$ cat query00.pdb   # PDB, C-alpha atoms and all ligand atoms
ATOM      1  CA  MET A   1     -18.803  83.173   2.981  1.00  0.00           C
ATOM      2  CA  ALA A   2     -15.228  81.956   3.338  1.00  0.00           C
ATOM      3  CA  SER A   3     -14.600  78.821   5.404  1.00  0.00           C
ATOM      4  CA  TYR A   4     -12.047  78.384   8.147  1.00  0.00           C
ATOM      5  CA  LYS A   5      -8.762  76.901   7.016  1.00  0.00           C
ATOM      6  CA  ALA A   6      -7.628  73.696   8.732  1.00  0.00           C
ATOM      7  CA  LYS A   7      -5.015  75.625  10.710  1.00  0.00           C
ATOM      8  CA  GLN A   8      -7.696  78.015  11.962  1.00  0.00           C
ATOM      9  CA  ILE A   9      -9.987  75.188  13.058  1.00  0.00           C
ATOM     10  CA  ALA A  10      -7.064  73.665  14.967  1.00  0.00           C
ATOM     11  CA  ARG A  11      -6.426  77.021  16.692  1.00  0.00           C
ATOM     12  CA  ILE A  12     -10.081  77.366  17.677  1.00  0.00           C
ATOM     13  CA  LYS A  13     -10.163  73.838  19.088  1.00  0.00           C
ATOM     14  CA  ASP A  14      -6.983  74.387  21.101  1.00  0.00           C
ATOM     15  CA  ALA A  15      -8.334  77.660  22.491  1.00  0.00           C
ATOM     16  CA  VAL A  16     -11.667  76.070  23.454  1.00  0.00           C
ATOM     17  CA  LEU A  17      -9.874  73.197  25.192  1.00  0.00           C
ATOM     18  CA  ALA A  18      -7.665  75.641  27.127  1.00  0.00           C
ATOM     19  CA  ALA A  19     -10.717  77.644  28.205  1.00  0.00           C
ATOM     20  CA  ARG A  20     -12.616  74.489  29.219  1.00  0.00           C
ATOM     21  CA  THR A  21      -9.677  73.433  31.374  1.00  0.00           C
ATOM     22  CA  ALA A  22      -9.473  76.852  33.022  1.00  0.00           C
ATOM     23  CA  LEU A  23     -13.181  76.946  33.832  1.00  0.00           C
ATOM     24  CA  ARG A  24     -13.330  73.372  35.015  1.00  0.00           C
ATOM     25  CA  GLU A  25     -10.489  74.119  37.440  1.00  0.00           C
ATOM     26  CA  SER A  26     -12.103  77.331  38.644  1.00  0.00           C
ATOM     27  CA  GLY A  27     -15.491  75.646  39.068  1.00  0.00           C
ATOM     28  CA  ASP A  28     -17.496  78.536  37.681  1.00  0.00           C
ATOM     29  CA  PHE A  29     -18.976  78.936  34.240  1.00  0.00           C
ATOM     30  CA  ASP A  30     -18.361  82.593  33.586  1.00  0.00           C
ATOM     31  CA  PRO A  31     -18.469  83.488  29.862  1.00  0.00           C
ATOM     32  CA  LEU A  32     -16.050  86.389  30.333  1.00  0.00           C
ATOM     33  CA  ARG A  33     -13.486  84.165  32.029  1.00  0.00           C
ATOM     34  CA  PHE A  34     -13.913  81.609  29.249  1.00  0.00           C
ATOM     35  CA  ALA A  35     -13.474  84.305  26.589  1.00  0.00           C
ATOM     36  CA  LYS A  36     -10.322  85.732  28.174  1.00  0.00           C
ATOM     37  CA  VAL A  37      -8.570  82.360  27.958  1.00  0.00           C
ATOM     38  CA  TYR A  38     -10.008  81.719  24.503  1.00  0.00           C
ATOM     39  CA  VAL A  39      -8.798  85.084  23.165  1.00  0.00           C
ATOM     40  CA  ALA A  40      -5.374  84.686  24.790  1.00  0.00           C
ATOM     41  CA  HIS A  41      -5.004  81.345  22.979  1.00  0.00           C
ATOM     42  CA  GLU A  42      -5.854  82.922  19.601  1.00  0.00           C
ATOM     43  CA  GLY A  43      -9.263  81.313  19.375  1.00  0.00           C
ATOM     44  CA  VAL A  44     -10.634  84.308  17.488  1.00  0.00           C
ATOM     45  CA  GLN A  45     -10.152  83.553  13.801  1.00  0.00           C
ATOM     46  CA  LEU A  46     -11.468  85.365  10.742  1.00  0.00           C
ATOM     47  CA  PRO A  47     -12.894  82.904   8.197  1.00  0.00           C
ATOM     48  CA  GLY A  48     -10.271  82.218   5.534  1.00  0.00           C
ATOM     49  CA  ARG A  49      -7.969  85.071   6.652  1.00  0.00           C
ATOM     50  CA  VAL A  50      -4.951  83.759   8.530  1.00  0.00           C
ATOM     51  CA  ASP A  51      -2.656  86.785   8.550  1.00  0.00           C
ATOM     52  CA  ASP A  52      -4.841  89.682   9.663  1.00  0.00           C
ATOM     53  CA  ASP A  53      -3.637  89.851  13.259  1.00  0.00           C
ATOM     54  CA  ALA A  54      -4.744  93.458  13.787  1.00  0.00           C
ATOM     55  CA  GLU A  55      -8.327  92.603  12.892  1.00  0.00           C
ATOM     56  CA  ARG A  56      -8.270  89.456  15.017  1.00  0.00           C
ATOM     57  CA  GLU A  57      -7.065  91.554  17.924  1.00  0.00           C
ATOM     58  CA  ARG A  58      -9.850  94.077  17.335  1.00  0.00           C
ATOM     59  CA  VAL A  59     -12.526  91.371  17.240  1.00  0.00           C
ATOM     60  CA  GLY A  60     -11.102  89.731  20.359  1.00  0.00           C
ATOM     61  CA  GLN A  61     -11.178  92.976  22.314  1.00  0.00           C
ATOM     62  CA  ALA A  62     -14.690  93.790  21.068  1.00  0.00           C
ATOM     63  CA  LEU A  63     -15.789  90.320  22.179  1.00  0.00           C
ATOM     64  CA  LEU A  64     -14.418  90.835  25.692  1.00  0.00           C
ATOM     65  CA  ARG A  65     -15.999  94.306  25.897  1.00  0.00           C
ATOM     66  CA  ALA A  66     -19.400  92.955  24.800  1.00  0.00           C
ATOM     67  CA  LEU A  67     -19.235  90.277  27.500  1.00  0.00           C
ATOM     68  CA  ARG A  68     -18.071  92.723  30.166  1.00  0.00           C
ATOM     69  CA  LEU A  69     -20.893  95.165  29.349  1.00  0.00           C
ATOM     70  CA  GLN A  70     -23.374  92.409  28.449  1.00  0.00           C
ATOM     71  CA  SER A  71     -24.169  94.522  25.412  1.00  0.00           C
ATOM     72  CA  GLY A  72     -24.517  91.845  22.727  1.00  0.00           C
ATOM     73  CA  GLY A  73     -22.499  91.645  19.541  1.00  0.00           C
ATOM     74  CA  GLY A  74     -24.039  94.608  17.748  1.00  0.00           C
ATOM     75  CA  GLN A  75     -23.821  94.719  13.967  1.00  0.00           C
ATOM     76  CA  ASP A  76     -20.357  93.234  13.639  1.00  0.00           C
ATOM     77  CA  PRO A  77     -20.761  89.691  12.238  1.00  0.00           C
ATOM     78  CA  ASP A  78     -17.311  88.580  13.442  1.00  0.00           C
ATOM     79  CA  VAL A  79     -18.038  89.689  17.012  1.00  0.00           C
ATOM     80  CA  ALA A  80     -21.545  88.200  16.902  1.00  0.00           C
ATOM     81  CA  ARG A  81     -20.134  84.877  15.692  1.00  0.00           C
ATOM     82  CA  GLU A  82     -17.623  84.735  18.522  1.00  0.00           C
ATOM     83  CA  LEU A  83     -20.225  85.721  21.114  1.00  0.00           C
ATOM     84  CA  HIS A  84     -22.431  82.900  19.879  1.00  0.00           C
ATOM     85  CA  ARG A  85     -19.518  80.504  20.168  1.00  0.00           C
ATOM     86  CA  ILE A  86     -18.689  81.586  23.722  1.00  0.00           C
ATOM     87  CA  GLU A  87     -22.331  81.227  24.849  1.00  0.00           C
ATOM     88  CA  GLN A  88     -22.547  77.793  23.257  1.00  0.00           C
ATOM     89  CA  GLU A  89     -19.254  76.615  24.678  1.00  0.00           C
ATOM     90  CA  VAL A  90     -20.029  77.727  28.216  1.00  0.00           C
ATOM     91  CA  ASP A  91     -23.416  75.968  28.045  1.00  0.00           C
ATOM     92  CA  TRP A  92     -21.697  72.878  26.679  1.00  0.00           C
ATOM     93  CA  LEU A  93     -19.149  72.876  29.492  1.00  0.00           C
ATOM     94  CA  ARG A  94     -21.760  73.420  32.205  1.00  0.00           C
ATOM     95  CA  TYR A  95     -23.643  70.318  31.054  1.00  0.00           C
ATOM     96  CA  ALA A  96     -20.523  68.297  30.226  1.00  0.00           C
ATOM     97  CA  CYS A  97     -19.442  68.592  33.864  1.00  0.00           C
ATOM     98  CA  GLN A  98     -22.539  66.604  34.874  1.00  0.00           C
ATOM     99  CA  ASP A  99     -21.682  62.908  35.081  1.00  0.00           C
ATOM    100  CA  ASP A 100     -24.938  61.662  33.557  1.00  0.00           C
ATOM    101  CA  VAL A 101     -24.525  63.853  30.465  1.00  0.00           C
ATOM    102  CA  VAL A 102     -22.684  61.731  27.912  1.00  0.00           C
ATOM    103  CA  ALA A 103     -23.132  63.578  24.625  1.00  0.00           C
ATOM    104  CA  PHE A 104     -24.759  66.478  22.843  1.00  0.00           C
ATOM    105  CA  ARG A 105     -27.354  66.593  20.110  1.00  0.00           C
ATOM    106  CA  ALA A 106     -27.172  69.251  17.375  1.00  0.00           C
ATOM    107  CA  GLN A 107     -30.324  71.304  16.896  1.00  0.00           C
ATOM    108  CA  LEU A 108     -31.007  73.636  13.997  1.00  0.00           C
ATOM    109  CA  GLY A 109     -32.416  77.116  14.352  1.00  0.00           C
ATOM    110  CA  PRO A 110     -34.562  78.795  11.658  1.00  0.00           C
ATOM    111  CA  GLN A 111     -31.501  80.165   9.810  1.00  0.00           C
ATOM    112  CA  ALA A 112     -29.705  76.834  10.007  1.00  0.00           C
ATOM    113  CA  GLU A 113     -32.600  75.097   8.217  1.00  0.00           C
ATOM    114  CA  LYS A 114     -31.488  76.969   5.079  1.00  0.00           C
ATOM    115  CA  GLU A 115     -27.780  76.153   5.431  1.00  0.00           C
ATOM    116  CA  PRO A 116     -26.591  72.829   3.947  1.00  0.00           C
ATOM    117  CA  ALA A 117     -23.536  72.912   6.220  1.00  0.00           C
ATOM    118  CA  CYS A 118     -25.812  73.096   9.252  1.00  0.00           C
ATOM    119  CA  GLN A 119     -28.080  70.311   8.007  1.00  0.00           C
ATOM    120  CA  ALA A 120     -24.975  68.119   7.742  1.00  0.00           C
ATOM    121  CA  LEU A 121     -24.447  68.682  11.455  1.00  0.00           C
ATOM    122  CA  VAL A 122     -27.661  66.845  12.363  1.00  0.00           C
ATOM    123  CA  LYS A 123     -27.068  64.049   9.841  1.00  0.00           C
ATOM    124  CA  GLU A 124     -23.469  63.414  10.782  1.00  0.00           C
ATOM    125  CA  GLY A 125     -22.052  62.613  14.189  1.00  0.00           C
ATOM    126  CA  ASN A 126     -19.011  60.998  15.705  1.00  0.00           C
ATOM    127  CA  GLY A 127     -19.988  57.386  16.168  1.00  0.00           C
ATOM    128  CA  LEU A 128     -22.819  57.812  18.669  1.00  0.00           C
ATOM    129  CA  GLY A 129     -25.488  58.322  16.022  1.00  0.00           C
ATOM    130  CA  PRO A 130     -26.735  61.015  13.649  1.00  0.00           C
ATOM    131  CA  GLY A 131     -26.406  64.497  15.109  1.00  0.00           C
ATOM    132  CA  LEU A 132     -24.742  63.232  18.274  1.00  0.00           C
ATOM    133  CA  TYR A 133     -21.350  64.431  19.495  1.00  0.00           C
ATOM    134  CA  GLY A 134     -19.241  63.271  22.407  1.00  0.00           C
ATOM    135  CA  LYS A 135     -18.963  65.635  25.325  1.00  0.00           C
ATOM    136  CA  TYR A 136     -15.175  65.896  25.127  1.00  0.00           C
ATOM    137  CA  ASP A 137     -15.273  66.853  21.450  1.00  0.00           C
ATOM    138  CA  VAL A 138     -14.921  70.405  20.246  1.00  0.00           C
ATOM    139  CA  ILE A 139     -17.281  71.136  17.375  1.00  0.00           C
ATOM    140  CA  VAL A 140     -16.258  74.176  15.365  1.00  0.00           C
ATOM    141  CA  LEU A 141     -19.354  75.436  13.614  1.00  0.00           C
ATOM    142  CA  ARG A 142     -19.076  76.817  10.090  1.00  0.00           C
ATOM    143  CA  PRO A 143     -18.748  80.619   9.879  1.00  0.00           C
ATOM    144  CA  GLU A 144     -22.171  80.951   8.251  1.00  0.00           C
ATOM    145  CA  CYS A 145     -23.788  79.141  11.157  1.00  0.00           C
ATOM    146  CA  SER A 146     -25.611  81.588  13.393  1.00  0.00           C
ATOM    147  CA  ASP A 147     -28.191  79.616  15.322  1.00  0.00           C
ATOM    148  CA  CYS A 148     -27.284  75.970  15.689  1.00  0.00           C
ATOM    149  CA  ARG A 149     -27.404  74.724  19.259  1.00  0.00           C
ATOM    150  CA  PHE A 150     -26.311  71.670  21.176  1.00  0.00           C
ATOM    151  CA  VAL A 151     -28.548  70.145  23.802  1.00  0.00           C
ATOM    152  CA  PRO A 152     -27.285  67.680  26.399  1.00  0.00           C
ATOM    153  CA  VAL A 153     -28.004  63.959  26.016  1.00  0.00           C
ATOM    154  CA  HIS A 154     -28.197  61.929  29.197  1.00  0.00           C
ATOM    155  CA  GLN A 155     -26.981  58.379  29.646  1.00  0.00           C
ATOM    156  CA  HIS A 156     -30.501  56.918  29.792  1.00  0.00           C
ATOM    157  CA  GLU A 157     -31.470  58.583  26.479  1.00  0.00           C
ATOM    158  CA  LEU A 158     -28.887  56.705  24.428  1.00  0.00           C
ATOM    159  CA  GLU A 159     -29.814  53.321  22.977  1.00  0.00           C
ATOM    160  CA  TRP A 160     -26.766  51.159  22.655  1.00  0.00           C
TER     161      TRP A 160
HETATM  162 ZN    ZN A 201     -25.631  76.025  11.929  1.00  0.00          ZN
END
$ encode --input "query00.pdb" --output "C-alpha cells"
Amino acid sequence: MASYKAKQIARIKDAVLAARTALRESGDFDPLRFAKVYVAHEGVQLPGRVDDDAERERVGQALLRALRLQSGGGQDPDVARELHRIEQEVDWLRYACQDDVVAFRAQLGPQAEKEPACQALVKEGNGLGPGLYGKYDVIVLRPECSDCRFVPVHQHELEW
C-alpha cells in the first residue's frame, strides 16, 4: 500500500489540530462535528495521491454521511480508514482534556501484530518511553494500519 507523502501528513496534522481546537471550544466530543472541521481543512488524504481532489471530496462526503447515519464505513477502505481516524481522535481528545492524563500508549490490534509499521509504533515514542506519545501530539497512523489504538496514560503511571 502506498504511504502518505510528507505534505499529506502535514495536512492531516493541521486538520486534526483544527478539529481538536473546535471541539475543545465547544466542550462536546461529537465525532460528526470533529469530522466536519477535519474535512473542511482537507484532512482526508488518499495515500500517495496528492492531486485527486474529486476522490478526496467523495471520501470526505462519504465519511460525513457514515457518521451522520452511524452506518459504519462499509467496504470502502478509504472511508473506513478515515472513520477509524475520527473515532481514535475523538477518544484521544476526550481523554486529553482530563488534567491527569499526560500521554497515550500505543496498543496493537490483531491486524497490527502483522504490520512492521505498527510494531514500530509501540517500540518508538517521543521521549516519554517506548510506545508513549504526548497528549498534544498528532500521530498519523500509516495507511495500512487498521486497528492500532491509543490508551490514556495518567500522571501516576509514568516513572520519571
Ligand atoms: Zn497499526
$ resolve_selection --input "query00.pdb" --expression "the PyMOL selection byres (((not hetatm)) within 6 of (chain A and resi 201))" --output "ChimeraX atom specification"
/A:112,118,145-148
$ resolve_selection --input "query00.pdb" --expression "the PyMOL selection byres (((chain A and resi 83) around 12) and not hetatm)" --output "ChimeraX atom specification"
/A:31-32,34-35,38-39,43-44,59-68,70-74,76-82,84-90,146-147
$ residues_around --input "query00.pdb" --residues "Lys7 (chain A)" --least-positions-apart "5" --cutoff "12 Å" --atoms "only C-alpha atoms" --output "PyMOL selection string"
chain A and resi 12-14+42-43+45-51
$ atom_distance --input "query00.pdb" --atom1 "CA of Trp92 (chain A)" --atom2 "CA of Asp53 (chain A)"
28.2 Å
$ residues_around --input "query00.pdb" --residues "Gln98 (chain A)" --least-positions-apart "4" --cutoff "10 Å" --atoms "all atoms listed in the file" --output "ChimeraX atom specification"
/A:93-94,102,152,154
$ closest_residue --input "query00.pdb" --among "A:Arg142, A:Ala103, A:Ala120, A:Tyr136" --to "Gln155 (chain A)" --atoms "all atoms listed in the file"
A:Ala103
$ residues_around --input "query00.pdb" --residues "Val151 (chain A)" --least-positions-apart "5" --cutoff "8 Å" --atoms "only C-alpha atoms" --output "PyMOL selection string"
chain A and resi 92+104-107
$ residues_around --input "query00.pdb" --residues "Gly131 (chain A)" --least-positions-apart "2" --cutoff "8 Å" --atoms "only C-alpha atoms" --output "list in words"
Arg105, Ala106, Leu121, Val122, Lys123, Glu124, Gly125, Gly129 and Tyr133 of chain A
$ atom_distance --input "query00.pdb" --atom1 "CA of Leu128 (chain A)" --atom2 "CA of Asp28 (chain A)"
28.6 Å
$ closest_residue --input "query00.pdb" --among "A:Glu144, A:Leu132, A:Val138, A:Glu157" --to "Gln111 (chain A)" --atoms "all atoms listed in the file"
A:Glu144
$ atom_distance --input "query00.pdb" --atom1 "CA of Asp137 (chain A)" --atom2 "CA of Leu17 (chain A)"
9.1 Å
$ axis_aligned_box --input "query00.pdb" --around "region 14-23 of chain A" --padding-each-side "4 Å" --output "AutoDock Vina command-line options"
--center_x -10.1 --center_y 75.4 --center_z 27.5 --size_x 14.2 --size_y 12.5 --size_z 20.7
$ closest_residue --input "query00.pdb" --among "A:Phe150, A:His156, A:Pro143, A:Val101" --to "Lys5 (chain A)" --atoms "only C-alpha atoms"
A:Pro143
$ closest_residue --input "query00.pdb" --among "A:Asn126, A:Leu158, A:Arg56, A:Val37" --to "Thr21 (chain A)" --atoms "all atoms listed in the file"
A:Val37
